[in-house]
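**Student:** Please find model-v7.cif (mmCIF, C-alpha atoms) on the next line:
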data_coords
loop_
_atom_site.label_atom_id
_atom_site.label_comp_id
_atom_site.auth_asym_id
_atom_site.auth_seq_id
_atom_site.Cartn_x
_atom_site.Cartn_y
_atom_site.Cartn_z
CA MET A 1 -75.54 -38.73 137.51
CA SER A 2 -76.02 -37.93 141.18
CA LEU A 3 -78.70 -39.47 143.35
CA ALA A 4 -80.52 -36.13 143.53
CA HIS A 5 -80.65 -35.86 139.72
CA ALA A 6 -81.84 -39.46 139.41
CA ALA A 7 -84.58 -38.86 141.99
CA ALA A 8 -85.68 -35.70 140.18
CA ALA A 9 -85.83 -37.55 136.86
CA VAL A 10 -87.85 -40.41 138.34
CA SER A 11 -90.19 -37.94 140.05
CA ALA A 12 -90.78 -36.03 136.83
CA TRP A 13 -91.60 -39.13 134.78
CA ALA A 14 -93.23 -41.49 137.30
CA ILE A 15 -96.87 -40.41 136.94
CA PRO A 16 -96.89 -39.95 133.14
CA LEU A 17 -95.23 -43.36 132.68
CA LEU A 18 -97.64 -44.96 135.13
CA LEU A 19 -100.65 -43.55 133.28
CA VAL A 20 -99.33 -44.64 129.89
CA GLY A 21 -98.44 -48.05 131.32
CA ILE A 22 -101.94 -48.60 132.71
CA VAL A 23 -103.57 -47.68 129.41
CA ALA A 24 -101.09 -49.85 127.48
CA ALA A 25 -101.69 -52.83 129.78
CA GLY A 26 -105.44 -52.42 129.37
CA LEU A 27 -105.18 -52.25 125.60
CA ALA A 28 -102.87 -55.29 125.55
CA ARG A 29 -105.52 -57.24 127.45
CA ARG A 30 -108.20 -55.98 125.08
CA VAL A 31 -109.98 -54.01 127.80
CA ARG A 32 -112.25 -51.24 126.61
CA VAL A 33 -110.19 -48.67 128.52
CA TYR A 34 -112.38 -45.60 128.03
CA GLU A 35 -115.62 -47.41 128.92
CA VAL A 36 -114.05 -48.93 132.04
CA PHE A 37 -112.70 -45.50 133.00
CA VAL A 38 -116.14 -43.91 132.64
CA GLU A 39 -117.75 -46.72 134.68
CA GLY A 40 -115.17 -46.21 137.43
CA ALA A 41 -115.83 -42.47 137.41
CA ARG A 42 -119.58 -43.15 137.71
CA GLU A 43 -118.99 -45.44 140.71
CA GLY A 44 -116.73 -42.80 142.26
CA PHE A 45 -119.47 -40.20 141.89
CA ASP A 46 -121.99 -42.54 143.53
CA VAL A 47 -119.62 -43.06 146.46
CA ALA A 48 -119.12 -39.30 146.79
CA VAL A 49 -122.88 -38.75 146.95
CA ARG A 50 -123.24 -41.46 149.64
CA ILE A 51 -120.52 -39.99 151.88
CA ILE A 52 -121.55 -36.32 151.68
CA PRO A 53 -123.68 -36.50 154.88
CA TYR A 54 -120.73 -37.96 156.81
CA LEU A 55 -118.39 -35.27 155.52
CA VAL A 56 -120.80 -32.47 156.37
CA ALA A 57 -121.17 -33.85 159.90
CA ILE A 58 -117.38 -33.94 160.39
CA LEU A 59 -116.88 -30.42 159.05
CA VAL A 60 -119.70 -29.04 161.20
CA ALA A 61 -118.31 -30.78 164.29
CA ALA A 62 -114.83 -29.37 163.66
CA GLY A 63 -116.21 -25.88 163.12
CA MET A 64 -118.32 -26.06 166.27
CA PHE A 65 -115.39 -27.35 168.32
CA ARG A 66 -113.25 -24.42 167.27
CA ALA A 67 -115.90 -21.68 167.22
CA SER A 68 -117.39 -22.59 170.59
CA GLY A 69 -114.14 -21.91 172.39
CA ALA A 70 -113.96 -25.52 173.55
CA MET A 71 -110.60 -25.98 171.86
CA ASP A 72 -109.14 -22.92 173.59
CA ALA A 73 -110.47 -24.09 176.96
CA LEU A 74 -109.04 -27.56 176.42
CA VAL A 75 -105.66 -26.10 175.41
CA ARG A 76 -105.57 -23.95 178.56
CA ALA A 77 -106.51 -26.93 180.73
CA LEU A 78 -103.85 -29.18 179.15
CA ALA A 79 -101.11 -26.53 178.93
CA PRO A 80 -99.40 -27.46 182.23
CA LEU A 81 -99.23 -31.11 181.17
CA THR A 82 -98.04 -30.43 177.64
CA GLU A 83 -95.38 -27.98 178.85
CA ARG A 84 -94.02 -30.65 181.20
CA LEU A 85 -93.86 -33.07 178.28
CA GLY A 86 -91.92 -30.55 176.18
CA MET A 87 -94.79 -29.51 173.94
CA PRO A 88 -95.60 -25.80 173.82
CA ALA A 89 -99.30 -25.16 174.37
CA GLU A 90 -99.44 -23.31 171.02
CA ALA A 91 -98.74 -26.60 169.20
CA LEU A 92 -101.61 -28.46 170.89
CA PRO A 93 -104.51 -27.17 168.73
CA PRO A 94 -103.19 -28.84 165.54
CA ALA A 95 -102.89 -32.13 167.44
CA LEU A 96 -106.46 -31.80 168.71
CA LEU A 97 -108.04 -30.70 165.44
CA ARG A 98 -106.14 -33.01 163.06
CA PRO A 99 -108.40 -36.06 163.70
CA LEU A 100 -111.40 -33.94 162.69
CA SER A 101 -110.24 -31.76 159.82
CA GLY A 102 -107.18 -31.64 157.61
CA SER A 103 -107.96 -28.24 156.11
CA GLY A 104 -108.81 -26.75 159.52
CA THR A 105 -105.52 -28.07 160.88
CA LEU A 106 -103.63 -26.69 157.92
CA GLY A 107 -105.16 -23.30 158.70
CA LEU A 108 -103.98 -23.56 162.31
CA VAL A 109 -100.49 -24.58 161.22
CA SER A 110 -100.39 -21.65 158.79
CA GLU A 111 -101.41 -19.26 161.59
CA LEU A 112 -98.64 -20.68 163.80
CA MET A 113 -96.14 -20.23 160.97
CA LYS A 114 -97.13 -16.58 160.61
CA ALA A 115 -97.01 -15.95 164.35
CA HIS A 116 -93.85 -17.90 165.24
CA GLY A 117 -92.07 -18.41 161.93
CA PRO A 118 -91.51 -21.63 159.98
CA ASP A 119 -88.09 -22.25 161.55
CA SER A 120 -89.30 -21.83 165.12
CA PHE A 121 -89.73 -24.85 167.34
CA VAL A 122 -93.50 -24.31 167.41
CA GLY A 123 -93.63 -24.09 163.60
CA ARG A 124 -91.56 -27.20 163.12
CA LEU A 125 -93.50 -29.14 165.76
CA ALA A 126 -96.89 -28.13 164.33
CA SER A 127 -95.74 -29.18 160.85
CA THR A 128 -94.44 -32.49 162.14
CA ILE A 129 -97.67 -33.17 164.01
CA TYR A 130 -99.62 -32.36 160.84
CA GLY A 131 -97.54 -34.84 158.86
CA SER A 132 -97.49 -37.59 161.47
CA SER A 133 -101.20 -37.81 162.21
CA GLU A 134 -104.33 -38.47 160.21
CA THR A 135 -107.80 -37.04 159.77
CA THR A 136 -109.19 -40.06 161.57
CA PHE A 137 -112.87 -39.14 161.62
CA TYR A 138 -112.75 -37.99 157.99
CA VAL A 139 -111.11 -41.24 156.90
CA LEU A 140 -113.58 -43.33 158.87
CA ALA A 141 -116.50 -41.33 157.47
CA VAL A 142 -115.27 -41.70 153.91
CA TYR A 143 -114.24 -45.34 153.95
CA PHE A 144 -116.92 -46.71 156.24
CA GLY A 145 -119.57 -44.47 154.65
CA ALA A 146 -118.53 -45.63 151.18
CA VAL A 147 -119.15 -49.28 152.01
CA GLY A 148 -122.07 -48.73 154.38
CA VAL A 149 -120.41 -49.73 157.66
CA ARG A 150 -122.50 -48.44 160.56
CA ARG A 151 -120.68 -49.94 163.56
CA THR A 152 -117.05 -48.88 163.56
CA ARG A 153 -116.13 -51.08 166.54
CA HIS A 154 -112.53 -50.40 167.50
CA ALA A 155 -111.55 -48.33 164.46
CA VAL A 156 -112.15 -44.97 166.16
CA LEU A 157 -110.08 -45.88 169.22
CA ALA A 158 -107.30 -47.37 167.09
CA GLY A 159 -107.22 -44.30 164.86
CA LEU A 160 -107.15 -41.89 167.80
CA LEU A 161 -104.40 -43.89 169.49
CA GLY A 162 -102.44 -43.70 166.24
CA ASP A 163 -102.92 -39.92 166.21
CA LEU A 164 -101.75 -39.71 169.82
CA ALA A 165 -98.71 -41.83 169.01
CA GLY A 166 -97.95 -39.57 166.04
CA ALA A 167 -98.17 -36.43 168.20
CA VAL A 168 -95.98 -37.91 170.93
CA ALA A 169 -93.43 -39.09 168.37
CA ALA A 170 -93.49 -35.63 166.75
CA VAL A 171 -92.68 -33.99 170.08
CA LEU A 172 -89.87 -36.47 170.78
CA VAL A 173 -88.33 -36.18 167.32
CA CYS A 174 -88.60 -32.39 167.25
CA ARG A 175 -87.08 -32.14 170.75
CA LEU A 176 -84.25 -34.40 169.61
CA LEU A 177 -83.60 -32.61 166.32
CA PHE A 178 -84.44 -28.96 166.95
CA THR A 179 -83.44 -28.15 170.54
#
Let me see the file written as structure tokens.
**Tutor:**
Amino acid sequence: MSLAHAAAAVSAWAIPLLLVGIVAAGLARRVRVYEVFVEGAREGFDVAVRIIPYLVAILVAAGMFRASGAMDALVRALAPLTERLGMPAEALPPALLRPLSGSGTLGLVSELMKAHGPDSFVGRLASTIYGSSETTFYVLAVYFGAVGVRRTRHAVLAGLLGDLAGAVAAVLVCRLLFT
């Protein structure tokens, strides 16, 4: 069997086997699996209710940033710098919006794919940026909101620096591989 066939077989069976294994391990330890599952679902719902205000704030901020024209103005202002660094200005909006909104960024990447094509440098770069960065503010809102952290200290800066590093690495890798 080839490596590709083995990987496909493992992929097809990994999640079902994991689910069965978890239930079997719980039953072997005499855990009331269904009751524990329902309790976990209840706690998950409580967490979701606690973080809704944070999520709404992030989504509103992302929508305002894009709808106000601030993103377009920022892209125009940074275009000379990004072009010198080998990053087309069209690929900058996904890098700017990704820390705020994953779905908004996916929409931008989809628009770039339609305009430039998925095999274009812009399409490949936008996709790589999307995959190499994180929705930093969303993650901080969800995780810190879930546990009640009010002062994020250095987490925002560290997350944004990680996003910047991901975007820079995406440009370097795409320049190396696709030009």
**Student:** Hey, what comes out of the PyMOL selection byres ((chain A and resi 169) around 12) on this file? Could you write it as a PyMOL selection string?
**Tutor:** chain A and resi 85-87+95+125+128-133+162-168+170-177
**Student:** Report, in Å to a single decimal, how far apart CA of Arg98 (chain A) and CA of Val49 (chain A) are.
**Tutor:**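 Atom-to-atom, CA of Val49 (chain A) to CA of Arg98 (chain A), that is 23.9 Å.
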**Student:** What is the distance between CA of Leu19 (chain A) and CA of Glu35 (chain A), in Å to one decimal?
**Tutor:**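 Those two atoms sit 16.1 Å apart.
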**Student:** Would you kindly return, as a PDB file with C-alpha atoms, in the frame of the given file, each protein, DNA or RNA residue with an atom no farther than 9 Å from any atom of Tyr54 (chain A), considering only C-alpha atoms and excluding same-chain residues fewer than 5 positions away?
**Tutor:**
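And here is the file that came out, result-v3.pdb:
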ATOM      1  CA  LEU A  59    -116.880 -30.420 159.050  1.00  0.00           C
ATOM      2  CA  TYR A 138    -112.750 -37.990 157.990  1.00  0.00           C
ATOM      3  CA  ALA A 141    -116.500 -41.330 157.470  1.00  0.00           C
ATOM      4  CA  VAL A 142    -115.270 -41.700 153.910  1.00  0.00           C
ATOM      5  CA  GLY A 145    -119.570 -44.470 154.650  1.00  0.00           C
TER       6      GLY A 145
END
**Student:** Excluding Arg50 (chain A) and its own-chain neighbours fewer than 3 positions away, which residues fall within 12 Å of it when counting only C-alpha atoms? Please give them as a tab-separated table (two decimals) with C-alpha atoms, keeping the file's coordinate frame.
**Tutor:**
chain	number	residue	atom	x	y	z
A	43	GLU	CA	-118.99	-45.44	140.71
A	44	GLY	CA	-116.73	-42.80	142.26
A	45	PHE	CA	-119.47	-40.20	141.89
A	46	ASP	CA	-121.99	-42.54	143.53
A	47	VAL	CA	-119.62	-43.06	146.46
A	53	PRO	CA	-123.68	-36.50	154.88
A	54	TYR	CA	-120.73	-37.96	156.81
A	55	LEU	CA	-118.39	-35.27	155.52
A	56	VAL	CA	-120.80	-32.47	156.37
A	141	ALA	CA	-116.50	-41.33	157.47
A	142	VAL	CA	-115.27	-41.70	153.91
A	143	TYR	CA	-114.24	-45.34	153.95
A	144	PHE	CA	-116.92	-46.71	156.24
A	145	GLY	CA	-119.57	-44.47	154.65
A	146	ALA	CA	-118.53	-45.63	151.18
A	147	VAL	CA	-119.15	-49.28	152.01
A	148	GLY	CA	-122.07	-48.73	154.38
A	149	VAL	CA	-120.41	-49.73	157.66
**Student:** Pull out every residue that the PyMOL selection byres ((chain A and resi 113-122) around 9) matches in the shown coordinates and put them as a PDB file with C-alpha atoms, keeping the file's coordinate frame.
**Tutor:**
ATOM      1  CA  MET A  87     -94.790 -29.510 173.940  1.00  0.00           C
ATOM      2  CA  PRO A  88     -95.600 -25.800 173.820  1.00  0.00           C
ATOM      3  CA  GLU A  90     -99.440 -23.310 171.020  1.00  0.00           C
ATOM      4  CA  ALA A  91     -98.740 -26.600 169.200  1.00  0.00           C
ATOM      5  CA  LEU A 108    -103.980 -23.560 162.310  1.00  0.00           C
ATOM      6  CA  VAL A 109    -100.490 -24.580 161.220  1.00  0.00           C
ATOM      7  CA  SER A 110    -100.390 -21.650 158.790  1.00  0.00           C
ATOM      8  CA  GLU A 111    -101.410 -19.260 161.590  1.00  0.00           C
ATOM      9  CA  LEU A 112     -98.640 -20.680 163.800  1.00  0.00           C
ATOM     10  CA  GLY A 123     -93.630 -24.090 163.600  1.00  0.00           C
ATOM     11  CA  ARG A 124     -91.560 -27.200 163.120  1.00  0.00           C
ATOM     12  CA  LEU A 125     -93.500 -29.140 165.760  1.00  0.00           C
ATOM     13  CA  ALA A 126     -96.890 -28.130 164.330  1.00  0.00           C
ATOM     14  CA  SER A 127     -95.740 -29.180 160.850  1.00  0.00           C
ATOM     15  CA  CYS A 174     -88.600 -32.390 167.250  1.00  0.00           C
ATOM     16  CA  ARG A 175     -87.080 -32.140 170.750  1.00  0.00           C
ATOM     17  CA  PHE A 178     -84.440 -28.960 166.950  1.00  0.00           C
ATOM     18  CA  THR A 179     -83.440 -28.150 170.540  1.00  0.00           C
TER      19      THR A 179
END
**Student:** Quote the spacing between CA of Val38 (chain A) and CA of Val139 (chain A) in Å to one decimal place.
**Tutor:**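 CA of Val38 (chain A) sits 24.9 Å away from CA of Val139 (chain A).
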**Student:** Return the single residue from A:Gly107, A:Pro99, A:Val23, A:His154 that is closest to Ala61 (chain A), with distances computed using all atoms listed in the file.
**Tutor:** A:Pro99
**Student:** Could you model all heavy atoms for region 53-64 of chain A and present them as a compact mmCIF listing (two decimals), keeping the file's coordinate frame?
**Tutor:**
# COMPACT_ATOMS: atom_id res chain seq x y z
N PRO A 53 -123.17 -36.77 153.52
CA PRO A 53 -123.68 -36.50 154.88
C PRO A 53 -122.63 -36.70 155.96
O PRO A 53 -122.56 -35.92 156.92
CB PRO A 53 -124.83 -37.50 155.05
CG PRO A 53 -125.24 -37.85 153.66
CD PRO A 53 -124.01 -37.76 152.82
N TYR A 54 -121.79 -37.71 155.82
CA TYR A 54 -120.73 -37.96 156.81
C TYR A 54 -119.72 -36.81 156.81
O TYR A 54 -119.28 -36.35 157.85
CB TYR A 54 -120.01 -39.27 156.52
CG TYR A 54 -120.92 -40.48 156.57
CD1 TYR A 54 -121.46 -41.02 155.42
CD2 TYR A 54 -121.24 -41.07 157.79
CE1 TYR A 54 -122.29 -42.13 155.47
CE2 TYR A 54 -122.07 -42.18 157.85
CZ TYR A 54 -122.59 -42.70 156.69
OH TYR A 54 -123.41 -43.79 156.74
N LEU A 55 -119.36 -36.35 155.62
CA LEU A 55 -118.39 -35.27 155.52
C LEU A 55 -118.94 -33.97 156.10
O LEU A 55 -118.22 -33.25 156.80
CB LEU A 55 -117.98 -35.05 154.05
CG LEU A 55 -117.26 -36.21 153.39
CD1 LEU A 55 -116.97 -35.89 151.94
CD2 LEU A 55 -115.99 -36.53 154.13
N VAL A 56 -120.19 -33.68 155.83
CA VAL A 56 -120.80 -32.47 156.37
C VAL A 56 -120.82 -32.54 157.90
O VAL A 56 -120.50 -31.56 158.58
CB VAL A 56 -122.23 -32.27 155.81
CG1 VAL A 56 -122.98 -31.18 156.56
CG2 VAL A 56 -122.15 -31.95 154.32
N ALA A 57 -121.15 -33.70 158.45
CA ALA A 57 -121.17 -33.85 159.90
C ALA A 57 -119.79 -33.60 160.50
O ALA A 57 -119.66 -32.91 161.52
CB ALA A 57 -121.66 -35.25 160.27
N ILE A 58 -118.74 -34.13 159.88
CA ILE A 58 -117.38 -33.94 160.39
C ILE A 58 -116.98 -32.47 160.31
O ILE A 58 -116.42 -31.92 161.27
CB ILE A 58 -116.39 -34.81 159.59
CG1 ILE A 58 -116.65 -36.29 159.85
CG2 ILE A 58 -114.95 -34.45 159.91
CD1 ILE A 58 -116.50 -36.70 161.28
N LEU A 59 -117.25 -31.82 159.19
CA LEU A 59 -116.88 -30.42 159.05
C LEU A 59 -117.64 -29.53 160.03
O LEU A 59 -117.08 -28.59 160.59
CB LEU A 59 -117.10 -29.96 157.61
CG LEU A 59 -116.18 -30.62 156.58
CD1 LEU A 59 -116.58 -30.21 155.17
CD2 LEU A 59 -114.73 -30.29 156.85
N VAL A 60 -118.91 -29.81 160.24
CA VAL A 60 -119.70 -29.04 161.20
C VAL A 60 -119.16 -29.25 162.62
O VAL A 60 -119.01 -28.29 163.39
CB VAL A 60 -121.19 -29.40 161.11
CG1 VAL A 60 -121.98 -28.84 162.29
CG2 VAL A 60 -121.77 -28.88 159.80
N ALA A 61 -118.85 -30.50 162.96
CA ALA A 61 -118.31 -30.78 164.29
C ALA A 61 -116.99 -30.06 164.52
O ALA A 61 -116.76 -29.48 165.59
CB ALA A 61 -118.12 -32.29 164.47
N ALA A 62 -116.11 -30.06 163.53
CA ALA A 62 -114.83 -29.37 163.66
C ALA A 62 -115.03 -27.87 163.81
O ALA A 62 -114.38 -27.23 164.65
CB ALA A 62 -113.95 -29.67 162.45
N GLY A 63 -115.93 -27.31 163.01
CA GLY A 63 -116.21 -25.88 163.12
C GLY A 63 -116.81 -25.50 164.46
O GLY A 63 -116.43 -24.48 165.06
N MET A 64 -117.71 -26.32 164.96
CA MET A 64 -118.32 -26.06 166.27
C MET A 64 -117.30 -26.16 167.38
O MET A 64 -117.30 -25.34 168.31
CB MET A 64 -119.47 -27.04 166.51
CG MET A 64 -120.70 -26.77 165.68
SD MET A 64 -121.98 -28.04 165.82
CE MET A 64 -122.22 -28.17 167.56
